[in-house]
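Working notes for the structure below.
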Amino acid sequence: MPLLELSDIHFAYPGLEPVLDGASMRMEPGERLSIVGPNGAGKSTLLKLIMGLLQPDAGTITAFSKPRAEEADFHEVRRRIGFVFQDADDQLFCPTVAEDVAFGPLNLGKSKDEALAIVDQVLTRLSLMHLRDRITHKLSGGEKRLVTLATVLAMEPEVLILDEPTNALDPDNYARLTEILKGLDQAILLVSHAPDFRAEIAPEGYRLEHRKLVRI
Amino acid sequence: MTYVLTGEDKPLTGFGALRAAVSSLDPRMRIVMTVIYAITVVALDDLRVLSGALILSMWLLAISGLPFQKTLKRMAMMDGFIIFTLILLPFTMPGTPMFSVFGFDATWEGLWRATEIALTANAVILAVMTLVGSMEPVTMGHALFALKTPERLVHLMMFTIRYIDVLREEYLRLRTSMKLRGFRPGTNWHTYRSYGYLVGMMLVRAIERSERILAAMKCRGFSGRIVLLEEFRLTRTDVMFAGAMVLALAALIWAEVAYAAA
């Protein structure tokens, strides 16, 4: 059973040329795929469709063996797929790191104490405990990126979606991110322009060209 | 706005970063005591009692561990807002004439009233700066929440704290890129139009960012409520501090009543 299956997705932003025109893809459990394509090809749009932030004009999205169409269908999807946004400032909106990491678990109905335990556990696992009580907007770019990953991992997703995670990372943080991702057991869907990074994390995948997805 | 956006300090850092001695006290108690203090001082009339209140505020500043000069400078900045009221008041209050300028009489009553306002304002603002201003804004948000301030208002404040710096950096980046392309502000249409574009661009970006933030929150299961984590504890020191403050205020009120009777 595939984790995620998109079939014949059509999508256009209102009043604009179509972005996707019959795109299909599938992802098996534990699989690591990357999506490549030129700027503006619709990669971010594709990810938003998967998360239910946009609705396709036609086509079906199947996630965890259930078709997903309505907003309510996607609540479960969002719990089981972790999405790391391109701009860390969009994702880290709580004042402190601990609160931001706890935000997801609290939304899942965990108690304060359980959430705090998860915060400590995730931050320890990623060796980020020293950032626990820092103010999020005062973190450096690299720290922000690693913390966004922690906020998503705190929800224990089965799939990780990463949108350009290596943007603006220095070599040290780049190496740490690579190491962390290699140590995870989640399935990963990666959008990245960095060939080295793709080769390390997810060498296989799809190319988005002419509004369709082509396996590479 | 330009001052707020381009000052040397990052906005909203305030004195919080200085780790003042007063910051070990419970923030909730500090906010409540500040409110009680402000209401009491505003209700006082007698100049001698108000001087007492100002001395009490100075004492607060002394034990707070905040830097004297910097804090007093900030207090003086507030005085800049009321200085014209203070100067004009002697000329507008009817009463016994003191001297006259261009045929306008300055009165003693007006002078006393102006002094009263100046003392009240400075005493209150100094207490606010030492007790509340020494808090990290985030802590203040949490304390307000613990004091049952409506959740929405607290979240509004927290989002402002979080994003004002992002917006400021966006503004500075845009300004730099304008400068690098030879933009020099002047009194002409080109300048007005360019500033219009700048503000418009910041608004558009702010809206787009807010949409991305909402999307990111939804992806993490946001359903309309944010739970705050911090918990506060009232210690013996807090109770003692609050007790001392109440005693001092009671003494001020007693002095006011005693002087009024005399």
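Identifiers in the structure tokens: chain A, B, ... in order shown; residue index from 1 per chain; ligand index from 1 in order shown.
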DSSP helix (DSSP H, G or I) residues within segment 37-106 of chain A, as a VMD selection string: chain A and resid 43 to 51 71 to 80 88 to 91 97 to 106
Segment 166-172 of chain B surroundings by only C-alpha atoms, 8 Å radius, close-in-sequence under 3 positions cut, as a PDB file with N, CA, C and O atoms, in the first residue's frame:
```
ATOM      1  N   ASP A  89      11.258  31.458   9.319  1.00  0.00           N
ATOM      2  CA  ASP A  89      10.519  32.482  10.054  1.00  0.00           C
ATOM      3  C   ASP A  89       9.009  32.296   9.951  1.00  0.00           C
ATOM      4  O   ASP A  89       8.266  32.777  10.784  1.00  0.00           O
ATOM      5  N   HIS A 137      13.166  34.521  17.416  1.00  0.00           N
ATOM      6  CA  HIS A 137      13.640  35.434  16.368  1.00  0.00           C
ATOM      7  C   HIS A 137      15.085  35.855  16.569  1.00  0.00           C
ATOM      8  O   HIS A 137      15.660  36.504  15.707  1.00  0.00           O
TER       9      HIS A 137
ATOM     10  N   LEU B   5      11.835  52.118  14.251  1.00  0.00           N
ATOM     11  CA  LEU B   5      12.333  51.092  13.348  1.00  0.00           C
ATOM     12  C   LEU B   5      13.837  51.137  13.130  1.00  0.00           C
ATOM     13  O   LEU B   5      14.428  50.164  12.695  1.00  0.00           O
ATOM     14  N   ARG B 162       6.898  38.631  18.139  1.00  0.00           N
ATOM     15  CA  ARG B 162       7.636  37.702  17.294  1.00  0.00           C
ATOM     16  C   ARG B 162       7.979  38.314  15.947  1.00  0.00           C
ATOM     17  O   ARG B 162       9.066  38.116  15.423  1.00  0.00           O
ATOM     18  N   TYR B 163       7.060  39.065  15.349  1.00  0.00           N
ATOM     19  CA  TYR B 163       7.248  39.442  13.948  1.00  0.00           C
ATOM     20  C   TYR B 163       7.688  40.876  13.712  1.00  0.00           C
ATOM     21  O   TYR B 163       8.069  41.221  12.605  1.00  0.00           O
ATOM     22  N   ARG B 175      15.220  49.250   2.383  1.00  0.00           N
ATOM     23  CA  ARG B 175      15.856  50.560   2.438  1.00  0.00           C
ATOM     24  C   ARG B 175      17.293  50.485   1.896  1.00  0.00           C
ATOM     25  O   ARG B 175      17.726  51.334   1.133  1.00  0.00           O
ATOM     26  N   THR B 176      18.005  49.433   2.302  1.00  0.00           N
ATOM     27  CA  THR B 176      19.386  49.278   1.833  1.00  0.00           C
ATOM     28  C   THR B 176      19.415  49.148   0.326  1.00  0.00           C
ATOM     29  O   THR B 176      20.234  49.784  -0.349  1.00  0.00           O
ATOM     30  N   LEU B 198       7.500  51.479  -0.888  1.00  0.00           N
ATOM     31  CA  LEU B 198       8.152  50.780   0.225  1.00  0.00           C
ATOM     32  C   LEU B 198       7.115  50.291   1.235  1.00  0.00           C
ATOM     33  O   LEU B 198       7.085  49.118   1.607  1.00  0.00           O
ATOM     34  N   MET B 202       5.881  46.454   1.969  1.00  0.00           N
ATOM     35  CA  MET B 202       5.928  45.850   3.299  1.00  0.00           C
ATOM     36  C   MET B 202       4.568  45.274   3.684  1.00  0.00           C
ATOM     37  O   MET B 202       4.485  44.202   4.273  1.00  0.00           O
ATOM     38  N   ALA B 206       3.807  41.466   4.387  1.00  0.00           N
ATOM     39  CA  ALA B 206       3.289  41.092   5.706  1.00  0.00           C
ATOM     40  C   ALA B 206       2.070  40.191   5.551  1.00  0.00           C
ATOM     41  O   ALA B 206       1.924  39.191   6.249  1.00  0.00           O
TER      42      ALA B 206
END
```
At a cut-off of 6 Å, can you tabulate as CSV every residue of chain A near chain B together with its closest atom pair and the distance in Å to one decimal, using only C-alpha atoms and ordering rows by chain then number?
```
residue,atom,partner,partner_atom,distance
A:Arg78,CA,B:Cys219,CA,5.1
A:Asp90,CA,B:Ile213,CA,4.7
A:Gln91,CA,B:Ala216,CA,5.5
A:Pro95,CA,B:Arg162,CA,5.8
A:Gly104,CA,B:Arg220,CA,5.1
A:Asn107,CA,B:Gly221,CA,5.5
```
Go ahead and save the residues from that selection, with all heavy atoms, as a PDB file, in the first residue's frame.
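What landed in part-v9.pdb:
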```pdb
ATOM      1  N   ARG A  78      -2.245  15.999   8.064  1.00  0.00           N
ATOM      2  CA  ARG A  78      -1.287  16.959   8.627  1.00  0.00           C
ATOM      3  C   ARG A  78      -0.644  16.433   9.901  1.00  0.00           C
ATOM      4  O   ARG A  78       0.455  16.833  10.264  1.00  0.00           O
ATOM      5  CB  ARG A  78      -1.995  18.282   8.907  1.00  0.00           C
ATOM      6  CG  ARG A  78      -2.342  19.003   7.628  1.00  0.00           C
ATOM      7  CD  ARG A  78      -3.153  20.233   7.906  1.00  0.00           C
ATOM      8  NE  ARG A  78      -3.775  20.715   6.673  1.00  0.00           N
ATOM      9  CZ  ARG A  78      -4.867  21.442   6.639  1.00  0.00           C
ATOM     10  NH1 ARG A  78      -5.472  21.798   7.761  1.00  0.00           N
ATOM     11  NH2 ARG A  78      -5.364  21.840   5.492  1.00  0.00           N
ATOM     12  N   ASP A  90       8.573  31.623   8.880  1.00  0.00           N
ATOM     13  CA  ASP A  90       7.140  31.367   8.749  1.00  0.00           C
ATOM     14  C   ASP A  90       6.688  30.305   9.725  1.00  0.00           C
ATOM     15  O   ASP A  90       5.551  30.270  10.150  1.00  0.00           O
ATOM     16  CB  ASP A  90       6.805  30.874   7.333  1.00  0.00           C
ATOM     17  CG  ASP A  90       7.048  31.965   6.323  1.00  0.00           C
ATOM     18  OD1 ASP A  90       7.065  33.127   6.721  1.00  0.00           O
ATOM     19  OD2 ASP A  90       7.227  31.622   5.144  1.00  0.00           O
ATOM     20  N   GLN A  91       7.604  29.398  10.043  1.00  0.00           N
ATOM     21  CA  GLN A  91       7.208  28.251  10.848  1.00  0.00           C
ATOM     22  C   GLN A  91       7.344  28.530  12.342  1.00  0.00           C
ATOM     23  O   GLN A  91       6.536  28.085  13.134  1.00  0.00           O
ATOM     24  CB  GLN A  91       8.056  27.044  10.468  1.00  0.00           C
ATOM     25  CG  GLN A  91       7.464  25.752  10.973  1.00  0.00           C
ATOM     26  CD  GLN A  91       7.666  24.625   9.989  1.00  0.00           C
ATOM     27  OE1 GLN A  91       8.472  24.707   9.076  1.00  0.00           O
ATOM     28  NE2 GLN A  91       6.936  23.563  10.160  1.00  0.00           N
ATOM     29  N   PRO A  95       7.115  32.672  20.772  1.00  0.00           N
ATOM     30  CA  PRO A  95       8.251  33.464  21.264  1.00  0.00           C
ATOM     31  C   PRO A  95       9.484  32.627  21.606  1.00  0.00           C
ATOM     32  O   PRO A  95      10.586  33.014  21.280  1.00  0.00           O
ATOM     33  CB  PRO A  95       7.692  34.150  22.501  1.00  0.00           C
ATOM     34  CG  PRO A  95       6.222  34.120  22.362  1.00  0.00           C
ATOM     35  CD  PRO A  95       5.905  32.905  21.572  1.00  0.00           C
ATOM     36  N   GLY A 104       2.861  21.784  18.385  1.00  0.00           N
ATOM     37  CA  GLY A 104       2.278  20.640  17.681  1.00  0.00           C
ATOM     38  C   GLY A 104       1.702  19.612  18.644  1.00  0.00           C
ATOM     39  O   GLY A 104       0.520  19.280  18.572  1.00  0.00           O
ATOM     40  N   ASN A 107      -1.439  20.675  20.224  1.00  0.00           N
ATOM     41  CA  ASN A 107      -2.568  20.605  19.299  1.00  0.00           C
ATOM     42  C   ASN A 107      -3.083  19.185  19.156  1.00  0.00           C
ATOM     43  O   ASN A 107      -4.246  18.963  18.837  1.00  0.00           O
ATOM     44  CB  ASN A 107      -2.166  21.120  17.911  1.00  0.00           C
ATOM     45  CG  ASN A 107      -2.028  22.621  17.901  1.00  0.00           C
ATOM     46  OD1 ASN A 107      -2.636  23.305  18.712  1.00  0.00           O
ATOM     47  ND2 ASN A 107      -1.213  23.121  17.007  1.00  0.00           N
TER      48      ASN A 107
END
```
DSSP strand (DSSP E) residues within segment 5-171 of chain A, listed as a PyMOL selection string: chain A and resi 5-12+18-27+32-36+58-63+66-68+81-84+159-163
Might you pull out every residue within 9 Å of Val152 of chain A, with only C-alpha atoms counted and same-chain residues fewer than 6 positions away left off, and present them as a PDB file with all heavy atoms, in the first residue's frame?
```
ATOM      1  N   ILE A  81       1.902  13.686   8.363  1.00  0.00           N
ATOM      2  CA  ILE A  81       2.971  14.183   7.484  1.00  0.00           C
ATOM      3  C   ILE A  81       3.529  15.475   8.096  1.00  0.00           C
ATOM      4  O   ILE A  81       2.772  16.393   8.395  1.00  0.00           O
ATOM      5  CB  ILE A  81       2.438  14.498   6.065  1.00  0.00           C
ATOM      6  CG1 ILE A  81       1.822  13.257   5.441  1.00  0.00           C
ATOM      7  CG2 ILE A  81       3.565  15.027   5.193  1.00  0.00           C
ATOM      8  CD1 ILE A  81       1.358  13.453   4.008  1.00  0.00           C
ATOM      9  N   GLY A  82       4.821  15.502   8.298  1.00  0.00           N
ATOM     10  CA  GLY A  82       5.439  16.712   8.843  1.00  0.00           C
ATOM     11  C   GLY A  82       5.982  17.565   7.714  1.00  0.00           C
ATOM     12  O   GLY A  82       6.704  17.076   6.849  1.00  0.00           O
ATOM     13  N   PHE A  83       5.630  18.831   7.700  1.00  0.00           N
ATOM     14  CA  PHE A  83       6.021  19.719   6.611  1.00  0.00           C
ATOM     15  C   PHE A  83       6.998  20.768   7.151  1.00  0.00           C
ATOM     16  O   PHE A  83       6.662  21.523   8.045  1.00  0.00           O
ATOM     17  CB  PHE A  83       4.759  20.404   6.076  1.00  0.00           C
ATOM     18  CG  PHE A  83       4.943  21.163   4.781  1.00  0.00           C
ATOM     19  CD1 PHE A  83       4.056  20.984   3.741  1.00  0.00           C
ATOM     20  CD2 PHE A  83       5.989  22.045   4.599  1.00  0.00           C
ATOM     21  CE1 PHE A  83       4.201  21.675   2.548  1.00  0.00           C
ATOM     22  CE2 PHE A  83       6.151  22.734   3.413  1.00  0.00           C
ATOM     23  CZ  PHE A  83       5.251  22.553   2.383  1.00  0.00           C
ATOM     24  N   VAL A  84       8.207  20.798   6.601  1.00  0.00           N
ATOM     25  CA  VAL A  84       9.174  21.821   7.005  1.00  0.00           C
ATOM     26  C   VAL A  84       9.194  22.900   5.924  1.00  0.00           C
ATOM     27  O   VAL A  84       9.550  22.638   4.781  1.00  0.00           O
ATOM     28  CB  VAL A  84      10.583  21.228   7.190  1.00  0.00           C
ATOM     29  CG1 VAL A  84      11.574  22.319   7.585  1.00  0.00           C
ATOM     30  CG2 VAL A  84      10.566  20.138   8.242  1.00  0.00           C
ATOM     31  N   VAL A 101       8.208  24.164  19.825  1.00  0.00           N
ATOM     32  CA  VAL A 101       8.264  22.705  19.680  1.00  0.00           C
ATOM     33  C   VAL A 101       7.031  22.082  20.333  1.00  0.00           C
ATOM     34  O   VAL A 101       6.486  21.100  19.834  1.00  0.00           O
ATOM     35  CB  VAL A 101       9.563  22.140  20.288  1.00  0.00           C
ATOM     36  CG1 VAL A 101       9.595  20.633  20.179  1.00  0.00           C
ATOM     37  CG2 VAL A 101      10.786  22.730  19.594  1.00  0.00           C
ATOM     38  N   GLY A 104       2.861  21.784  18.385  1.00  0.00           N
ATOM     39  CA  GLY A 104       2.278  20.640  17.681  1.00  0.00           C
ATOM     40  C   GLY A 104       1.702  19.612  18.644  1.00  0.00           C
ATOM     41  O   GLY A 104       0.520  19.280  18.572  1.00  0.00           O
ATOM     42  N   LEU A 160       8.102  12.941   6.166  1.00  0.00           N
ATOM     43  CA  LEU A 160       8.622  14.302   6.301  1.00  0.00           C
ATOM     44  C   LEU A 160       8.648  14.944   4.925  1.00  0.00           C
ATOM     45  O   LEU A 160       9.148  14.351   3.977  1.00  0.00           O
ATOM     46  CB  LEU A 160      10.058  14.266   6.806  1.00  0.00           C
ATOM     47  CG  LEU A 160      10.359  14.462   8.286  1.00  0.00           C
ATOM     48  CD1 LEU A 160      11.858  14.487   8.468  1.00  0.00           C
ATOM     49  CD2 LEU A 160       9.742  15.744   8.799  1.00  0.00           C
TER      50      LEU A 160
ATOM     51  N   ARG B 220       0.660  21.948  11.537  1.00  0.00           N
ATOM     52  CA  ARG B 220       1.002  21.349  12.815  1.00  0.00           C
ATOM     53  C   ARG B 220      -0.246  21.198  13.687  1.00  0.00           C
ATOM     54  O   ARG B 220      -0.170  21.191  14.905  1.00  0.00           O
ATOM     55  CB  ARG B 220       2.082  22.166  13.517  1.00  0.00           C
ATOM     56  CG  ARG B 220       3.416  21.980  12.813  1.00  0.00           C
ATOM     57  CD  ARG B 220       4.558  22.347  13.694  1.00  0.00           C
ATOM     58  NE  ARG B 220       4.765  23.765  13.738  1.00  0.00           N
ATOM     59  CZ  ARG B 220       5.331  24.392  14.769  1.00  0.00           C
ATOM     60  NH1 ARG B 220       5.694  23.728  15.824  1.00  0.00           N
ATOM     61  NH2 ARG B 220       5.513  25.681  14.721  1.00  0.00           N
TER      62      ARG B 220
END
```
Residue contacts of Glu28 of chain A (7 Å, only C-alpha atoms) excluding same-chain residues fewer than 5 positions away, as a compact mmCIF listing (two decimals) with C-alpha atoms, in the first residue's frame:
```txt
# COMPACT_ATOMS: atom_id res chain seq x y z
CA MET A 1 0.00 0.00 0.00
CA PRO A 2 1.50 3.36 -0.94
CA LEU A 3 1.72 6.04 1.77
```
Segment 118-123 of chain A environment, 9 Å, only C-alpha atoms, sequence neighbours closer than 4 positions dropped, as a PyMOL selection string: chain A and resi 98-99+101-102+105+113-114+127-132+147+150-151+153-155
Just-selected residues, N, CA, C and O atoms written as a PDB file, in the first residue's frame:
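Contents of the output file selection_23.pdb:
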```pdb
ATOM      1  N   ALA A  98      11.067  26.349  23.094  1.00  0.00           N
ATOM      2  CA  ALA A  98      10.321  25.286  23.772  1.00  0.00           C
ATOM      3  C   ALA A  98       8.839  25.374  23.427  1.00  0.00           C
ATOM      4  O   ALA A  98       8.200  24.359  23.115  1.00  0.00           O
ATOM      5  N   GLU A  99       8.285  26.584  23.429  1.00  0.00           N
ATOM      6  CA  GLU A  99       6.862  26.732  23.125  1.00  0.00           C
ATOM      7  C   GLU A  99       6.569  26.326  21.694  1.00  0.00           C
ATOM      8  O   GLU A  99       5.529  25.731  21.408  1.00  0.00           O
ATOM      9  N   VAL A 101       8.208  24.164  19.825  1.00  0.00           N
ATOM     10  CA  VAL A 101       8.264  22.705  19.680  1.00  0.00           C
ATOM     11  C   VAL A 101       7.031  22.082  20.333  1.00  0.00           C
ATOM     12  O   VAL A 101       6.486  21.100  19.834  1.00  0.00           O
ATOM     13  N   ALA A 102       6.540  22.681  21.422  1.00  0.00           N
ATOM     14  CA  ALA A 102       5.395  22.110  22.139  1.00  0.00           C
ATOM     15  C   ALA A 102       4.075  22.369  21.414  1.00  0.00           C
ATOM     16  O   ALA A 102       3.082  21.687  21.675  1.00  0.00           O
ATOM     17  N   PRO A 105       2.530  19.085  19.570  1.00  0.00           N
ATOM     18  CA  PRO A 105       2.018  18.106  20.540  1.00  0.00           C
ATOM     19  C   PRO A 105       0.795  18.614  21.313  1.00  0.00           C
ATOM     20  O   PRO A 105      -0.151  17.857  21.534  1.00  0.00           O
ATOM     21  N   ASP A 113       2.573  18.712  30.600  1.00  0.00           N
ATOM     22  CA  ASP A 113       3.746  17.953  31.047  1.00  0.00           C
ATOM     23  C   ASP A 113       4.236  17.002  29.961  1.00  0.00           C
ATOM     24  O   ASP A 113       5.437  16.885  29.725  1.00  0.00           O
ATOM     25  N   GLU A 114       3.288  16.336  29.304  1.00  0.00           N
ATOM     26  CA  GLU A 114       3.677  15.431  28.209  1.00  0.00           C
ATOM     27  C   GLU A 114       4.370  16.212  27.104  1.00  0.00           C
ATOM     28  O   GLU A 114       5.401  15.792  26.578  1.00  0.00           O
ATOM     29  N   SER A 127      20.394  17.264  19.601  1.00  0.00           N
ATOM     30  CA  SER A 127      21.456  18.040  20.291  1.00  0.00           C
ATOM     31  C   SER A 127      21.182  19.544  20.232  1.00  0.00           C
ATOM     32  O   SER A 127      22.053  20.338  19.889  1.00  0.00           O
ATOM     33  N   LEU A 128      19.948  19.935  20.546  1.00  0.00           N
ATOM     34  CA  LEU A 128      19.596  21.355  20.496  1.00  0.00           C
ATOM     35  C   LEU A 128      19.135  21.862  21.860  1.00  0.00           C
ATOM     36  O   LEU A 128      18.540  22.929  21.958  1.00  0.00           O
ATOM     37  N   MET A 129      19.429  21.088  22.921  1.00  0.00           N
ATOM     38  CA  MET A 129      18.921  21.469  24.237  1.00  0.00           C
ATOM     39  C   MET A 129      19.370  22.873  24.656  1.00  0.00           C
ATOM     40  O   MET A 129      18.668  23.565  25.374  1.00  0.00           O
ATOM     41  N   HIS A 130      20.560  23.283  24.186  1.00  0.00           N
ATOM     42  CA  HIS A 130      21.052  24.610  24.582  1.00  0.00           C
ATOM     43  C   HIS A 130      20.177  25.736  24.029  1.00  0.00           C
ATOM     44  O   HIS A 130      20.259  26.867  24.470  1.00  0.00           O
ATOM     45  N   LEU A 131      19.328  25.429  23.032  1.00  0.00           N
ATOM     46  CA  LEU A 131      18.468  26.467  22.452  1.00  0.00           C
ATOM     47  C   LEU A 131      17.087  26.498  23.096  1.00  0.00           C
ATOM     48  O   LEU A 131      16.267  27.348  22.771  1.00  0.00           O
ATOM     49  N   ARG A 132      16.827  25.587  24.033  1.00  0.00           N
ATOM     50  CA  ARG A 132      15.481  25.355  24.544  1.00  0.00           C
ATOM     51  C   ARG A 132      14.727  26.629  24.938  1.00  0.00           C
ATOM     52  O   ARG A 132      13.582  26.821  24.560  1.00  0.00           O
ATOM     53  N   VAL A 147      15.748  24.004  14.350  1.00  0.00           N
ATOM     54  CA  VAL A 147      14.606  24.055  15.271  1.00  0.00           C
ATOM     55  C   VAL A 147      13.291  23.757  14.531  1.00  0.00           C
ATOM     56  O   VAL A 147      12.431  23.063  15.057  1.00  0.00           O
ATOM     57  N   ALA A 150      12.925  20.240  14.416  1.00  0.00           N
ATOM     58  CA  ALA A 150      12.519  19.712  15.724  1.00  0.00           C
ATOM     59  C   ALA A 150      11.018  19.904  15.950  1.00  0.00           C
ATOM     60  O   ALA A 150      10.338  19.006  16.444  1.00  0.00           O
ATOM     61  N   THR A 151      10.490  21.079  15.553  1.00  0.00           N
ATOM     62  CA  THR A 151       9.057  21.331  15.785  1.00  0.00           C
ATOM     63  C   THR A 151       8.199  20.321  15.033  1.00  0.00           C
ATOM     64  O   THR A 151       7.137  19.935  15.497  1.00  0.00           O
ATOM     65  N   LEU A 153       9.346  17.190  13.988  1.00  0.00           N
ATOM     66  CA  LEU A 153       9.596  15.838  14.503  1.00  0.00           C
ATOM     67  C   LEU A 153       8.876  15.595  15.827  1.00  0.00           C
ATOM     68  O   LEU A 153       8.556  14.454  16.173  1.00  0.00           O
ATOM     69  N   ALA A 154       8.586  16.679  16.564  1.00  0.00           N
ATOM     70  CA  ALA A 154       7.889  16.539  17.849  1.00  0.00           C
ATOM     71  C   ALA A 154       6.514  15.921  17.672  1.00  0.00           C
ATOM     72  O   ALA A 154       5.941  15.385  18.608  1.00  0.00           O
ATOM     73  N   MET A 155       5.960  16.010  16.459  1.00  0.00           N
ATOM     74  CA  MET A 155       4.638  15.432  16.210  1.00  0.00           C
ATOM     75  C   MET A 155       4.725  13.984  15.750  1.00  0.00           C
ATOM     76  O   MET A 155       3.716  13.377  15.418  1.00  0.00           O
TER      77      MET A 155
END
```
Leu47 of chain B surroundings by only C-alpha atoms, 10 Å radius, close-in-sequence under 2 positions cut, as an NGL selection string: :B and (44-45 or 49-53 or 112-113 or 115-117 or 119-120 or 256)
Preceding selection exported with all heavy atoms as a compact mmCIF listing (two decimals), in the first residue's frame:
```
# COMPACT_ATOMS: atom_id res chain seq x y z
N LEU B 44 -3.81 61.05 44.28
CA LEU B 44 -3.23 61.98 45.26
C LEU B 44 -3.20 63.41 44.70
O LEU B 44 -3.05 63.60 43.49
CB LEU B 44 -1.80 61.55 45.63
CG LEU B 44 -1.64 60.18 46.29
CD1 LEU B 44 -0.17 59.86 46.46
CD2 LEU B 44 -2.35 60.14 47.64
N ASP B 45 -3.34 64.42 45.59
CA ASP B 45 -3.35 65.82 45.15
C ASP B 45 -2.22 66.64 45.75
O ASP B 45 -1.65 67.51 45.10
CB ASP B 45 -4.67 66.49 45.58
CG ASP B 45 -5.81 66.06 44.69
OD1 ASP B 45 -5.54 65.84 43.49
OD2 ASP B 45 -6.94 65.95 45.19
N VAL B 49 2.84 65.11 49.34
CA VAL B 49 2.62 63.66 49.25
C VAL B 49 3.10 63.13 47.90
O VAL B 49 3.72 62.07 47.82
CB VAL B 49 1.12 63.34 49.46
CG1 VAL B 49 0.90 61.84 49.43
CG2 VAL B 49 0.64 63.92 50.76
N LEU B 50 2.85 63.91 46.83
CA LEU B 50 3.30 63.48 45.51
C LEU B 50 4.82 63.40 45.44
O LEU B 50 5.38 62.51 44.81
CB LEU B 50 2.77 64.43 44.43
CG LEU B 50 1.30 64.19 44.05
CD1 LEU B 50 0.80 65.30 43.15
CD2 LEU B 50 1.15 62.85 43.36
N SER B 51 5.49 64.35 46.11
CA SER B 51 6.96 64.28 46.16
C SER B 51 7.37 62.98 46.84
O SER B 51 8.33 62.31 46.43
CB SER B 51 7.53 65.45 46.95
OG SER B 51 7.00 66.65 46.46
N GLY B 52 6.60 62.63 47.91
CA GLY B 52 6.85 61.35 48.59
C GLY B 52 6.72 60.19 47.62
O GLY B 52 7.55 59.27 47.61
N ALA B 53 5.70 60.24 46.76
CA ALA B 53 5.48 59.17 45.79
C ALA B 53 6.66 59.08 44.82
O ALA B 53 7.12 57.99 44.48
CB ALA B 53 4.19 59.41 45.02
N TRP B 112 0.99 75.43 40.32
CA TRP B 112 0.85 74.27 41.24
C TRP B 112 0.27 73.07 40.51
O TRP B 112 0.73 71.95 40.67
CB TRP B 112 -0.04 74.62 42.44
CG TRP B 112 0.55 75.67 43.34
CD1 TRP B 112 -0.11 76.73 43.90
CD2 TRP B 112 1.92 75.78 43.76
NE1 TRP B 112 0.74 77.50 44.63
CE2 TRP B 112 2.01 76.94 44.56
CE3 TRP B 112 3.09 75.06 43.52
CZ2 TRP B 112 3.19 77.37 45.15
CZ3 TRP B 112 4.27 75.48 44.10
CH2 TRP B 112 4.33 76.61 44.89
N ARG B 113 -0.76 73.33 39.66
CA ARG B 113 -1.39 72.23 38.94
C ARG B 113 -0.38 71.55 38.01
O ARG B 113 -0.29 70.33 37.94
CB ARG B 113 -2.60 72.76 38.16
CG ARG B 113 -3.35 71.70 37.35
CD ARG B 113 -3.83 70.53 38.19
NE ARG B 113 -4.82 70.88 39.18
CZ ARG B 113 -6.13 70.97 38.94
NH1 ARG B 113 -6.58 70.74 37.74
NH2 ARG B 113 -6.96 71.28 39.90
N THR B 115 2.87 71.49 38.34
CA THR B 115 3.82 70.73 39.15
C THR B 115 3.19 69.39 39.57
O THR B 115 3.85 68.35 39.54
CB THR B 115 4.19 71.52 40.42
OG1 THR B 115 4.36 72.88 40.06
CG2 THR B 115 5.46 70.99 41.03
N GLU B 116 1.92 69.46 39.94
CA GLU B 116 1.22 68.25 40.38
C GLU B 116 1.22 67.20 39.26
O GLU B 116 1.55 66.03 39.48
CB GLU B 116 -0.21 68.64 40.73
CG GLU B 116 -1.01 67.56 41.43
CD GLU B 116 -2.48 67.98 41.52
OE1 GLU B 116 -2.76 69.15 41.84
OE2 GLU B 116 -3.34 67.12 41.26
N ILE B 117 0.88 67.67 38.06
CA ILE B 117 0.83 66.73 36.92
C ILE B 117 2.22 66.16 36.64
O ILE B 117 2.38 64.95 36.43
CB ILE B 117 0.29 67.44 35.66
CG1 ILE B 117 -1.20 67.78 35.87
CG2 ILE B 117 0.45 66.58 34.42
CD1 ILE B 117 -1.81 68.59 34.75
N LEU B 119 4.75 65.77 38.69
CA LEU B 119 5.14 64.83 39.74
C LEU B 119 4.41 63.49 39.57
O LEU B 119 5.02 62.43 39.61
CB LEU B 119 4.84 65.41 41.13
CG LEU B 119 5.82 66.46 41.65
CD1 LEU B 119 5.30 67.06 42.95
CD2 LEU B 119 7.19 65.84 41.87
N THR B 120 3.09 63.57 39.36
CA THR B 120 2.29 62.35 39.20
C THR B 120 2.81 61.53 38.03
O THR B 120 3.10 60.33 38.16
CB THR B 120 0.82 62.70 38.93
OG1 THR B 120 0.39 63.67 39.87
CG2 THR B 120 -0.06 61.47 39.04
N GLU B 256 -1.90 62.15 52.78
CA GLU B 256 -2.81 62.98 51.98
C GLU B 256 -4.01 63.41 52.82
O GLU B 256 -4.38 64.58 52.87
CB GLU B 256 -3.27 62.18 50.76
CG GLU B 256 -4.35 62.82 49.93
CD GLU B 256 -3.83 63.81 48.90
OE1 GLU B 256 -2.61 63.76 48.62
OE2 GLU B 256 -4.61 64.63 48.41
```
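A straight line drawn from atom CA of Ile135 of chain A to atom CA of Val97 of chain A is 6.4 Å long.
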One-decimal distance in Å that lies between atom CA of Thr34 of chain B and atom CA of Val246 of chain B: 10.9 Å
Interatomic distance (Å, one decimal) between atom CA of Gly59 of chain A and atom CA of Val19 of chain A: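 We find that atom CA of Gly59 of chain A and atom CA of Val19 of chain A lie 13.6 Å from each other.
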Selection near Arg207 of chain A, 8 Å with only C-alpha atoms, sequence-local residues under 3 positions removed, as an MDAnalysis selection string: chainID A and resid 35:37 213:216
Residues just named, written with C-alpha atoms as a short mmCIF file (atom, residue, chain, number, x, y, z; two decimals), in the first residue's frame:
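Output below, filename out-v4.cif:
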```cif
data_model
loop_
_atom_site.label_atom_id
_atom_site.label_comp_id
_atom_site.auth_asym_id
_atom_site.auth_seq_id
_atom_site.Cartn_x
_atom_site.Cartn_y
_atom_site.Cartn_z
CA ILE A 35 11.29 16.40 -6.59
CA VAL A 36 13.32 18.51 -8.96
CA GLY A 37 12.32 21.14 -11.43
CA LEU A 213 5.75 14.50 -12.89
CA VAL A 214 8.27 12.20 -14.57
CA ARG A 215 10.05 9.47 -12.63
CA ILE A 216 13.87 9.76 -12.67
#
```
